[in-house]
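What follows is the content of model_22.cif, which has mmCIF, N, CA and C atoms and all ligand atoms:
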data_upload
loop_
_atom_site.label_atom_id
_atom_site.label_comp_id
_atom_site.auth_asym_id
_atom_site.auth_seq_id
_atom_site.Cartn_x
_atom_site.Cartn_y
_atom_site.Cartn_z
N MET A 1 108.52 110.59 83.30
CA MET A 1 109.29 111.75 82.85
C MET A 1 108.44 113.00 82.99
N LYS A 2 109.07 114.03 83.38
CA LYS A 2 108.34 115.26 83.64
C LYS A 2 108.70 116.31 82.61
N LYS A 3 107.85 117.26 82.52
CA LYS A 3 108.04 118.32 81.58
C LYS A 3 108.83 119.46 82.20
N LYS A 4 109.72 120.03 81.43
CA LYS A 4 110.42 121.25 81.83
C LYS A 4 111.42 121.04 82.96
N VAL A 5 112.28 122.01 83.06
CA VAL A 5 113.39 121.92 84.00
C VAL A 5 112.92 121.97 85.44
N ARG A 6 111.86 122.73 85.67
CA ARG A 6 111.39 122.90 87.03
C ARG A 6 110.92 121.61 87.69
N SER A 7 110.52 120.65 86.88
CA SER A 7 110.06 119.41 87.48
C SER A 7 111.20 118.43 87.61
N LYS A 8 111.31 117.85 88.75
CA LYS A 8 112.38 116.90 89.00
C LYS A 8 111.87 115.48 88.81
N MET A 9 112.68 114.68 88.19
CA MET A 9 112.27 113.31 87.93
C MET A 9 112.03 112.54 89.22
N GLY A 10 110.90 111.86 89.24
CA GLY A 10 110.61 110.99 90.38
C GLY A 10 110.04 111.71 91.59
N ALA A 11 109.95 113.00 91.51
CA ALA A 11 109.50 113.78 92.67
C ALA A 11 108.08 113.46 93.08
N SER A 12 107.25 113.10 92.12
CA SER A 12 105.85 112.94 92.46
C SER A 12 105.39 111.48 92.41
N VAL A 13 106.30 110.56 92.44
CA VAL A 13 105.94 109.15 92.36
C VAL A 13 105.02 108.73 93.51
N ALA A 14 105.35 109.19 94.70
CA ALA A 14 104.54 108.82 95.87
C ALA A 14 103.11 109.32 95.73
N PHE A 15 102.97 110.51 95.16
CA PHE A 15 101.64 111.08 94.98
C PHE A 15 100.84 110.28 93.96
N SER A 16 101.52 109.82 92.93
CA SER A 16 100.83 109.20 91.80
C SER A 16 100.09 107.93 92.21
N ARG A 17 100.63 107.20 93.14
CA ARG A 17 100.03 105.92 93.49
C ARG A 17 98.58 106.07 93.93
N ALA A 18 98.32 107.04 94.76
CA ALA A 18 96.98 107.21 95.30
C ALA A 18 96.03 107.81 94.27
N ALA A 19 96.57 108.64 93.41
CA ALA A 19 95.70 109.46 92.58
C ALA A 19 95.32 108.82 91.25
N VAL A 20 96.06 107.81 90.83
CA VAL A 20 95.93 107.30 89.47
C VAL A 20 94.52 106.84 89.12
N ALA A 21 93.90 106.12 90.02
CA ALA A 21 92.59 105.56 89.69
C ALA A 21 91.50 106.62 89.61
N SER A 22 91.78 107.78 90.14
CA SER A 22 90.74 108.76 90.38
C SER A 22 90.01 109.29 89.15
N ASP A 23 90.75 109.83 88.21
CA ASP A 23 90.07 110.58 87.16
C ASP A 23 90.56 110.19 85.77
N VAL A 24 90.24 108.96 85.38
CA VAL A 24 90.64 108.47 84.06
C VAL A 24 89.78 109.14 83.00
N ARG A 25 90.44 109.76 82.02
CA ARG A 25 89.70 110.48 80.98
C ARG A 25 89.60 109.70 79.68
N SER A 26 90.63 108.90 79.38
CA SER A 26 90.53 108.09 78.16
C SER A 26 91.46 106.90 78.24
N TYR A 27 91.17 105.94 77.38
CA TYR A 27 92.02 104.76 77.24
C TYR A 27 92.58 104.74 75.84
N PHE A 28 93.73 104.11 75.74
CA PHE A 28 94.38 104.04 74.43
C PHE A 28 95.10 102.70 74.34
N VAL A 29 94.88 101.96 73.25
CA VAL A 29 95.56 100.68 73.07
C VAL A 29 96.69 100.88 72.06
N ASP A 30 97.90 100.56 72.49
CA ASP A 30 99.06 100.80 71.62
C ASP A 30 99.24 99.65 70.61
N ASN A 31 100.28 99.73 69.81
CA ASN A 31 100.49 98.76 68.73
C ASN A 31 100.73 97.34 69.21
N SER A 32 101.18 97.21 70.45
CA SER A 32 101.37 95.85 70.97
C SER A 32 100.19 95.40 71.83
N GLY A 33 99.08 96.09 71.70
CA GLY A 33 97.86 95.67 72.39
C GLY A 33 97.80 96.03 73.86
N LYS A 34 98.75 96.84 74.30
CA LYS A 34 98.76 97.24 75.72
C LYS A 34 97.88 98.48 75.91
N ARG A 35 97.12 98.45 76.99
CA ARG A 35 96.20 99.54 77.24
C ARG A 35 96.83 100.63 78.13
N TRP A 36 96.73 101.85 77.68
CA TRP A 36 97.21 103.02 78.43
C TRP A 36 96.02 103.81 78.93
N ARG A 37 96.26 104.50 80.02
CA ARG A 37 95.23 105.40 80.57
C ARG A 37 95.76 106.83 80.60
N TRP A 38 94.91 107.76 80.22
CA TRP A 38 95.19 109.18 80.39
C TRP A 38 94.37 109.65 81.58
N VAL A 39 95.06 110.24 82.52
CA VAL A 39 94.44 110.60 83.79
C VAL A 39 94.67 112.09 84.07
N VAL A 40 93.66 112.75 84.59
CA VAL A 40 93.86 114.10 85.11
C VAL A 40 94.11 113.99 86.61
N ASP A 41 95.22 114.52 87.03
CA ASP A 41 95.59 114.50 88.44
C ASP A 41 96.02 115.91 88.84
N ASN A 42 95.11 116.61 89.43
CA ASN A 42 95.39 118.01 89.77
C ASN A 42 96.16 118.19 91.07
N ARG A 43 96.54 117.05 91.67
CA ARG A 43 97.32 117.16 92.91
C ARG A 43 98.81 116.96 92.68
N MET A 44 99.18 116.51 91.49
CA MET A 44 100.59 116.24 91.25
C MET A 44 101.39 117.54 91.16
N ARG A 45 102.69 117.44 91.31
CA ARG A 45 103.53 118.63 91.36
C ARG A 45 103.91 119.16 89.99
N ASP A 46 103.78 118.30 88.97
CA ASP A 46 104.26 118.67 87.64
C ASP A 46 103.09 118.87 86.68
N TYR A 47 103.41 119.40 85.51
CA TYR A 47 102.39 119.57 84.48
C TYR A 47 101.92 118.22 83.96
N GLY A 48 102.86 117.29 83.86
CA GLY A 48 102.48 115.99 83.34
C GLY A 48 103.57 114.97 83.61
N ASP A 49 103.19 113.69 83.57
CA ASP A 49 104.23 112.66 83.62
C ASP A 49 103.70 111.34 83.06
N ILE A 50 104.63 110.42 82.87
CA ILE A 50 104.26 109.13 82.29
C ILE A 50 104.86 108.02 83.14
N ASP A 51 104.06 106.99 83.37
CA ASP A 51 104.51 105.82 84.13
C ASP A 51 104.47 104.63 83.16
N TYR A 52 105.65 104.20 82.72
CA TYR A 52 105.74 103.15 81.70
C TYR A 52 105.28 101.80 82.22
N GLU A 53 105.53 101.54 83.49
CA GLU A 53 105.17 100.23 84.03
C GLU A 53 103.66 100.07 84.17
N ARG A 54 103.02 101.11 84.66
CA ARG A 54 101.58 101.03 84.85
C ARG A 54 100.83 101.55 83.64
N ARG A 55 101.58 102.11 82.70
CA ARG A 55 101.00 102.67 81.46
C ARG A 55 99.93 103.72 81.76
N VAL A 56 100.37 104.71 82.50
CA VAL A 56 99.50 105.82 82.85
C VAL A 56 100.19 107.13 82.48
N ILE A 57 99.46 107.98 81.77
CA ILE A 57 99.93 109.34 81.51
C ILE A 57 99.05 110.27 82.34
N ARG A 58 99.68 111.07 83.15
CA ARG A 58 98.92 111.99 84.02
C ARG A 58 99.16 113.43 83.62
N ILE A 59 98.10 114.19 83.68
CA ILE A 59 98.17 115.61 83.34
C ILE A 59 97.56 116.41 84.48
N ASN A 60 98.28 117.46 84.87
CA ASN A 60 97.74 118.36 85.88
C ASN A 60 97.05 119.53 85.17
N HIS A 61 95.76 119.36 84.98
CA HIS A 61 95.01 120.34 84.20
C HIS A 61 94.89 121.67 84.95
N ALA A 62 94.66 121.58 86.23
CA ALA A 62 94.48 122.79 87.06
C ALA A 62 95.74 123.66 87.04
N MET A 63 96.90 123.02 87.10
CA MET A 63 98.15 123.79 87.11
C MET A 63 98.35 124.54 85.79
N HIS A 64 97.91 123.91 84.69
CA HIS A 64 98.00 124.60 83.39
C HIS A 64 97.17 125.88 83.39
N LYS A 65 95.96 125.76 83.92
CA LYS A 65 95.08 126.94 83.95
C LYS A 65 95.67 128.01 84.86
N ARG A 66 96.09 127.56 86.04
CA ARG A 66 96.61 128.48 87.05
C ARG A 66 97.82 129.25 86.53
N GLU A 67 98.71 128.54 85.86
CA GLU A 67 99.98 129.15 85.43
C GLU A 67 99.97 129.52 83.95
N ARG A 68 98.80 129.44 83.34
CA ARG A 68 98.63 129.78 81.92
C ARG A 68 99.65 129.07 81.03
N GLU A 69 99.86 127.81 81.35
CA GLU A 69 100.79 127.00 80.58
C GLU A 69 100.03 126.33 79.44
N SER A 70 100.73 126.08 78.34
CA SER A 70 100.10 125.46 77.18
C SER A 70 99.81 123.98 77.41
N LEU A 71 98.52 123.65 77.35
CA LEU A 71 98.10 122.27 77.58
C LEU A 71 98.53 121.36 76.43
N ILE A 72 98.40 121.84 75.21
CA ILE A 72 98.73 121.01 74.05
C ILE A 72 100.21 120.65 74.07
N ASP A 73 101.03 121.56 74.54
CA ASP A 73 102.46 121.32 74.67
C ASP A 73 102.73 120.11 75.57
N THR A 74 102.07 120.07 76.71
CA THR A 74 102.27 118.97 77.66
C THR A 74 101.69 117.66 77.13
N LEU A 75 100.50 117.73 76.53
CA LEU A 75 99.88 116.51 75.99
C LEU A 75 100.78 115.88 74.95
N PHE A 76 101.31 116.72 74.06
CA PHE A 76 102.19 116.23 73.00
C PHE A 76 103.51 115.71 73.59
N HIS A 77 104.04 116.44 74.54
CA HIS A 77 105.29 116.05 75.20
C HIS A 77 105.16 114.64 75.83
N GLU A 78 104.08 114.41 76.56
CA GLU A 78 103.91 113.11 77.21
C GLU A 78 103.63 112.01 76.19
N GLU A 79 102.91 112.35 75.14
CA GLU A 79 102.65 111.38 74.07
C GLU A 79 103.96 111.01 73.38
N LEU A 80 104.85 111.97 73.21
CA LEU A 80 106.15 111.66 72.62
C LEU A 80 106.95 110.73 73.54
N HIS A 81 106.87 110.94 74.83
CA HIS A 81 107.51 110.01 75.77
C HIS A 81 106.99 108.58 75.55
N ARG A 82 105.67 108.49 75.37
CA ARG A 82 105.07 107.17 75.17
C ARG A 82 105.58 106.53 73.88
N LEU A 83 105.66 107.34 72.82
CA LEU A 83 106.08 106.82 71.52
C LEU A 83 107.58 106.49 71.46
N PHE A 84 108.37 107.25 72.20
CA PHE A 84 109.84 107.09 72.15
C PHE A 84 110.41 106.90 73.55
N PRO A 85 110.13 105.72 74.14
CA PRO A 85 110.51 105.51 75.54
C PRO A 85 112.02 105.54 75.78
N SER A 86 112.80 105.34 74.75
CA SER A 86 114.25 105.30 74.97
C SER A 86 114.90 106.67 74.86
N LEU A 87 114.12 107.67 74.45
CA LEU A 87 114.70 109.01 74.35
C LEU A 87 114.64 109.73 75.69
N GLY A 88 115.66 110.53 75.93
CA GLY A 88 115.74 111.27 77.18
C GLY A 88 114.94 112.56 77.15
N GLU A 89 114.94 113.22 78.30
CA GLU A 89 114.13 114.44 78.47
C GLU A 89 114.50 115.54 77.46
N ARG A 90 115.80 115.72 77.25
CA ARG A 90 116.22 116.81 76.35
C ARG A 90 115.73 116.57 74.93
N ALA A 91 115.80 115.31 74.50
CA ALA A 91 115.35 114.98 73.15
C ALA A 91 113.86 115.19 73.01
N ILE A 92 113.12 114.76 74.02
CA ILE A 92 111.66 114.92 73.98
C ILE A 92 111.28 116.40 73.99
N CYS A 93 111.97 117.18 74.80
CA CYS A 93 111.69 118.62 74.84
C CYS A 93 111.97 119.26 73.48
N ALA A 94 113.07 118.87 72.87
CA ALA A 94 113.43 119.43 71.56
C ALA A 94 112.41 119.03 70.50
N MET A 95 112.01 117.76 70.51
CA MET A 95 111.01 117.30 69.54
C MET A 95 109.69 118.03 69.73
N THR A 96 109.30 118.20 70.99
CA THR A 96 108.06 118.91 71.27
C THR A 96 108.10 120.32 70.68
N ARG A 97 109.19 121.00 70.96
CA ARG A 97 109.32 122.40 70.53
C ARG A 97 109.30 122.51 69.01
N ILE A 98 110.02 121.61 68.36
CA ILE A 98 110.15 121.69 66.90
C ILE A 98 108.88 121.23 66.18
N LEU A 99 108.27 120.16 66.69
CA LEU A 99 107.14 119.56 65.97
C LEU A 99 105.79 120.18 66.29
N LEU A 100 105.67 120.79 67.46
CA LEU A 100 104.36 121.30 67.87
C LEU A 100 103.69 122.20 66.83
N PRO A 101 104.45 123.14 66.23
CA PRO A 101 103.81 124.01 65.24
C PRO A 101 103.37 123.29 63.97
N THR A 102 103.82 122.07 63.77
CA THR A 102 103.50 121.35 62.53
C THR A 102 102.29 120.42 62.68
N LEU A 103 101.75 120.30 63.88
CA LEU A 103 100.67 119.32 64.09
C LEU A 103 99.39 119.75 63.40
N SER A 104 98.73 118.77 62.82
CA SER A 104 97.46 119.05 62.15
C SER A 104 96.38 119.36 63.18
N ARG A 105 95.33 120.00 62.72
CA ARG A 105 94.21 120.29 63.60
C ARG A 105 93.61 118.99 64.14
N GLN A 106 93.55 117.97 63.29
CA GLN A 106 92.98 116.68 63.70
C GLN A 106 93.79 116.04 64.83
N TYR A 107 95.12 116.10 64.68
CA TYR A 107 95.96 115.47 65.68
C TYR A 107 95.90 116.24 67.00
N ARG A 108 95.88 117.57 66.90
CA ARG A 108 95.75 118.39 68.12
C ARG A 108 94.45 118.07 68.83
N SER A 109 93.40 117.92 68.07
CA SER A 109 92.11 117.63 68.67
C SER A 109 92.09 116.21 69.27
N TRP A 110 92.82 115.28 68.66
CA TRP A 110 92.95 113.94 69.25
C TRP A 110 93.67 114.04 70.60
N LEU A 111 94.71 114.85 70.64
CA LEU A 111 95.45 115.02 71.90
C LEU A 111 94.55 115.62 72.99
N TYR A 112 93.82 116.67 72.65
CA TYR A 112 92.91 117.28 73.63
C TYR A 112 91.88 116.27 74.13
N SER A 113 91.42 115.43 73.21
CA SER A 113 90.36 114.50 73.59
C SER A 113 90.87 113.42 74.56
N ARG A 114 92.18 113.28 74.71
CA ARG A 114 92.74 112.32 75.67
C ARG A 114 92.30 112.63 77.09
N ILE A 115 92.13 113.91 77.38
CA ILE A 115 91.76 114.25 78.77
C ILE A 115 90.43 114.98 78.86
N ARG A 116 89.62 114.85 77.82
CA ARG A 116 88.31 115.49 77.86
C ARG A 116 87.45 114.83 78.94
N GLN A 117 86.71 115.66 79.64
CA GLN A 117 85.77 115.14 80.65
C GLN A 117 84.75 114.25 79.99
N ARG A 118 84.50 113.08 80.59
CA ARG A 118 83.57 112.16 79.93
C ARG A 118 82.23 112.11 80.64
ZN ZN B 201 109.32 114.79 79.88
#

Produce structure tokens that represent the structure in this file.
Amino acid sequence: MKKKVRSKMGASVAFSRAAVASDVRSYFVDNSGKRWRWVVDNRMRDYGDIDYERRVIRINHAMHKRERESLIDTLFHEELHRLFPSLGERAICAMTRILLPTLSRQYRSWLYSRIRQR
């Protein structure tokens, strides 16, 4: 799932295959013991996306800097996709918008640390 209207679903799937292994920033084990990877992929077309089958969340860090887009917004948006896989794009966008201002400093810092350079 991609962030924002400008990104089209599935548009960057072909790109993701080659790039996924490249720049893993963190691992995360979910409640069912499945391991997820957070990856920075500066070649993808979107700000971020999630691959449920391979359990990879990708973030285009360079595009955020270039377009002065909010990184925390995308990190939280993709994390919400992971937490609520059955919700659609509109619901995730609405949740992101409404909940973002309520996040604690600790949780925001946890989100940032998902893609911190190691
Ligand atoms: Zn999305």

Around segment 93-102 of chain A, fit a box with edges along x, y and z, padding it by 3 Å on each side, then list its centre and edge lengths in Å to one decimal as JSON.
{"center_x": 107.9, "center_y": 120.6, "center_z": 68.7, "size_x": 17.1, "size_y": 12.8, "size_z": 18.3}

For the atom pair atom N of Arg108 of chain A and atom N of Leu75 of chain A, what is the interatomic distance in Å to one decimal place?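 Atom N of Leu75 of chain A lies 10.7 Å from atom N of Arg108 of chain A.
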
For segment 58-74 of chain A, please output as a VMD selection string all residues within 6.5 Å (counting all atoms listed in the file; exclusion window: fewer than 2 positions along the same chain). chain A and resid 37 to 44 46 to 51 56 76 to 79

Expected file contents, prior selection, N, CA and C atoms, as a compact mmCIF listing (two decimals), in the frame of the given file:
# COMPACT_ATOMS: atom_id res chain seq x y z
N ARG A 37 96.26 104.50 80.02
CA ARG A 37 95.23 105.40 80.57
C ARG A 37 95.76 106.83 80.60
N TRP A 38 94.91 107.76 80.22
CA TRP A 38 95.19 109.18 80.39
C TRP A 38 94.37 109.65 81.58
N VAL A 39 95.06 110.24 82.52
CA VAL A 39 94.44 110.60 83.79
C VAL A 39 94.67 112.09 84.07
N VAL A 40 93.66 112.75 84.59
CA VAL A 40 93.86 114.10 85.11
C VAL A 40 94.11 113.99 86.61
N ASP A 41 95.22 114.52 87.03
CA ASP A 41 95.59 114.50 88.44
C ASP A 41 96.02 115.91 88.84
N ASN A 42 95.11 116.61 89.43
CA ASN A 42 95.39 118.01 89.77
C ASN A 42 96.16 118.19 91.07
N ARG A 43 96.54 117.05 91.67
CA ARG A 43 97.32 117.16 92.91
C ARG A 43 98.81 116.96 92.68
N MET A 44 99.18 116.51 91.49
CA MET A 44 100.59 116.24 91.25
C MET A 44 101.39 117.54 91.16
N ASP A 46 103.78 118.30 88.97
CA ASP A 46 104.26 118.67 87.64
C ASP A 46 103.09 118.87 86.68
N TYR A 47 103.41 119.40 85.51
CA TYR A 47 102.39 119.57 84.48
C TYR A 47 101.92 118.22 83.96
N GLY A 48 102.86 117.29 83.86
CA GLY A 48 102.48 115.99 83.34
C GLY A 48 103.57 114.97 83.61
N ASP A 49 103.19 113.69 83.57
CA ASP A 49 104.23 112.66 83.62
C ASP A 49 103.70 111.34 83.06
N ILE A 50 104.63 110.42 82.87
CA ILE A 50 104.26 109.13 82.29
C ILE A 50 104.86 108.02 83.14
N ASP A 51 104.06 106.99 83.37
CA ASP A 51 104.51 105.82 84.13
C ASP A 51 104.47 104.63 83.16
N VAL A 56 100.37 104.71 82.50
CA VAL A 56 99.50 105.82 82.85
C VAL A 56 100.19 107.13 82.48
N PHE A 76 101.31 116.72 74.06
CA PHE A 76 102.19 116.23 73.00
C PHE A 76 103.51 115.71 73.59
N HIS A 77 104.04 116.44 74.54
CA HIS A 77 105.29 116.05 75.20
C HIS A 77 105.16 114.64 75.83
N GLU A 78 104.08 114.41 76.56
CA GLU A 78 103.91 113.11 77.21
C GLU A 78 103.63 112.01 76.19
N GLU A 79 102.91 112.35 75.14
CA GLU A 79 102.65 111.38 74.07
C GLU A 79 103.96 111.01 73.38

As an exercise, work out the distance from atom CA of Arg82 of chain A to atom CA of Arg35 of chain A in Å and give it to one decimal place. 11.9 Å

One decimal, Å: what's the distance from atom C of Lys34 of chain A over to atom C of Pro101 of chain A, could you say? 28.1 Å

Taking only N, CA and C atoms and all ligand atoms into account, which of A:Ile57, A:Ile115, A:Leu80, A:Trp110 comes nearest ligand ZN 201 (chain B)? A:Leu80

Go through A:Arg25, A:His81, A:Arg55, A:Arg118 and flag the residue nearest ligand ZN 201 (chain B), using all atoms listed in the file for the distances.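 Comparing A:Arg25, A:His81, A:Arg55, A:Arg118 against ligand ZN 201 (chain B), the winner is A:His81.
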